[in-house]
Amino acid sequence: MSAKAPKPRRPHHKSRNGCAQCKQKKVKCDEQKPTCKRCENYDQPCSFLQTHPQSTVKLAGFQSMLPSPTQTTITPSVTSPFSSPFPPPTSEVDHTTFSLLDLELLHYWITDAVKGYCDFDECVELFQTTVVSMAVEYPFLMHQLLSLSAHRLAVLRPNEAEKYRNAEDNHAVIALALFRPQILNLTPENCHACFAFSNTTWIRAWAAQDLNKPSTLFFSPTNSIADEDDVHIQWAKLHRGQHGIVEKLFPVLVQGPLGSLFAPWLEDGPDSVNRPAPLKDNEKKHLDVLAEAWNNSSLSEAHKEILNKTLKSLVRVFSILSFEPRKSKLAAVMSWFSTMGYDFLGLMEEKVPEALLIVAYYCVPLKQLDHIWWLEGKAENLLRTVIDELRLKDNWDKWERWVQWPIEQVISVEGRGILSIPNQYFRPDTSMLEVQ
């Protein structure tokens, strides 16, 4: 009896275009729009609803939801980095069409989320009215605002977190794809929207930092237990892109619809960085001696110069917080990233201990912003990450005394003795920090 010939296998065409829910469950998606069959059967929101909405409203319809700006209007003036299950948007999708969920996100941004976005009323009003009006004209900015709003709602409404996370990821990817051609063709007309986008991208970078994992603002942590989908981006280096927009078209920006954000800083004058920066006695006591950590070391003179310059700009931040009440504390603390050079970021990328020390001291003013929702807990998270890296150095005893003051200020530990810093992303043998 002759053996039966094997049946030919049916060809299988693998697709990567399934919805986010099916990808998460690792099941085949039929890719039916606007909602796949599996999501429909399980009565759950499908990510396809974000790009193929059932009930939609054109972007122009958002205008009726906007409060009227009282101080600024938009007039033309004389140019995700996040992991996402969604493919980049294509020209076949109308990215000026939005779902009812998107209307909910916009409403939440205008009425609530924006209030915790910055720390002074004029900035809140700008991002509540003027920036939203810009977003009507520039869809990349609208998608960015919706992504931020979705991120916040995912935290506040855990029972609906999956729905909001899907919306957040989708809008972030679309926003970045639409932003790229704009930033490559920066003009006096689109620079205001591009600046607002860059600013909000920086906010998303902070907001997305997982407090249960090491901070990724400056470098890829050595001992992090990363998920497969984790993406380590040097956010501090990316932030320099925003500073580049300001440098290139500064006269246009200060005269434009967002000009009031720059007003308090224009009073300083060009030589403000060279003026002495007064400090509170307790801060002066510690900041004045920090340079001793490297001035007598074997570091090259070029590296010492980089560190001293960066420390000087950090001292300026401390001074502004204490003696210049007209300036936004948030703007002052975040301005440090615009003043640091790529050379210092290079030292941070290499995890040079002396550079890590400066960032540890930066966590002290950063702690003052804990009341802002996207910065809550970030100072402690960054400090823990820096300490973990310093403990990996062969000469940890050399650096230990320098981090005592930041620890006392940020983690609220007073006195000496054994300081326990429990954190699941620290190595087991470095979970106890002894402060001599």
# chains A, B, ... in the order shown; residues from 1 in each chain; ligands from 1
$ residues_around --residues "range 384-392 of chain A" --least-positions-apart "3" --cutoff "7 Å" --atoms "only C-alpha atoms" --output "NGL selection string"
:A and (214-215 or 353 or 356 or 360 or 380-381 or 396 or 426)
$ select_by_dssp --residues "range 130-360 of chain A" --states "alpha helix (DSSP H)" --output "ChimeraX atom specification"
/A:131-137,139-156,161-183,191-207,235-248,250-254,263-266,281-287,292-295,301-323,329-339,342-349,353-360
$ closest_residue --among "A:Met340, A:Lys393, A:Cys118, A:Glu104" --to "Tyr164 in chain A" --atoms "only C-alpha atoms"
A:Glu104
$ residues_around --residues "Val352 in chain A" --least-positions-apart "3" --cutoff "12 Å" --atoms "only C-alpha atoms" --output "list in words"
Phe218, Phe219, Trp294, Leu299, His303, Lys304, Leu307, Asp343, Phe344, Leu345, Gly346, Leu347, Met348, Glu349, Ala355, Leu356, Leu357, Ile358, Val359, Val386, Glu389, Leu390, Leu392, Lys393 and Trp399 of chain A
$ residues_around --residues "Tyr108 in chain A" --least-positions-apart "5" --cutoff "10 Å" --atoms "only C-alpha atoms" --output "MDAnalysis selection string"
chainID A and resid 102:103 113:114 146 149:150 152:153
$ write_last_selection --atoms "C-alpha atoms" --output "compact mmCIF listing (two decimals), in the first residue's frame"
# COMPACT_ATOMS: atom_id res chain seq x y z
CA ASP A 102 -10.78 62.45 20.72
CA LEU A 103 -13.37 65.11 21.55
CA ALA A 113 -5.10 68.56 32.20
CA VAL A 114 -3.66 71.89 31.08
CA LEU A 146 -4.64 64.53 22.58
CA SER A 149 -4.49 64.17 27.60
CA ALA A 150 -4.89 60.42 27.04
CA ARG A 152 -3.14 61.63 32.02
CA LEU A 153 -6.55 59.97 31.83
$ closest_residue --among "A:Glu324, A:Asp169, A:Glu283, A:Glu122" --to "Ala154 in chain A" --atoms "only C-alpha atoms"
A:Asp169
$ residues_around --residues "Glu162 in chain A" --least-positions-apart "3" --cutoff "12 Å" --atoms "only C-alpha atoms" --output "list in words"
Ala20, Gln21, Gln24, Gln44, Pro45, Cys46, Ser47, Ala150, His151, Leu153, Ala154, Val155, Arg157, Pro158, Asn159, Arg165, Asn166, Ala167, Glu168 and Asp169 of chain A
$ atom_distance --atom1 "CA of Phe197 in chain A" --atom2 "CA of Gln144 in chain A"
7.0 Å
$ residues_around --residues "Arg316 in chain A" --least-positions-apart "5" --cutoff "9 Å" --atoms "only C-alpha atoms" --output "PyMOL selection string"
chain A and resi 273+276-279+311+321+332+336
$ atom_distance --atom1 "CA of Leu290 in chain A" --atom2 "CA of Leu369 in chain A"
23.2 Å
$ closest_residue --among "A:Glu267, A:Asp370, A:Glu376, A:Glu350" --to "Ser220 in chain A" --atoms "only C-alpha atoms"
A:Glu350
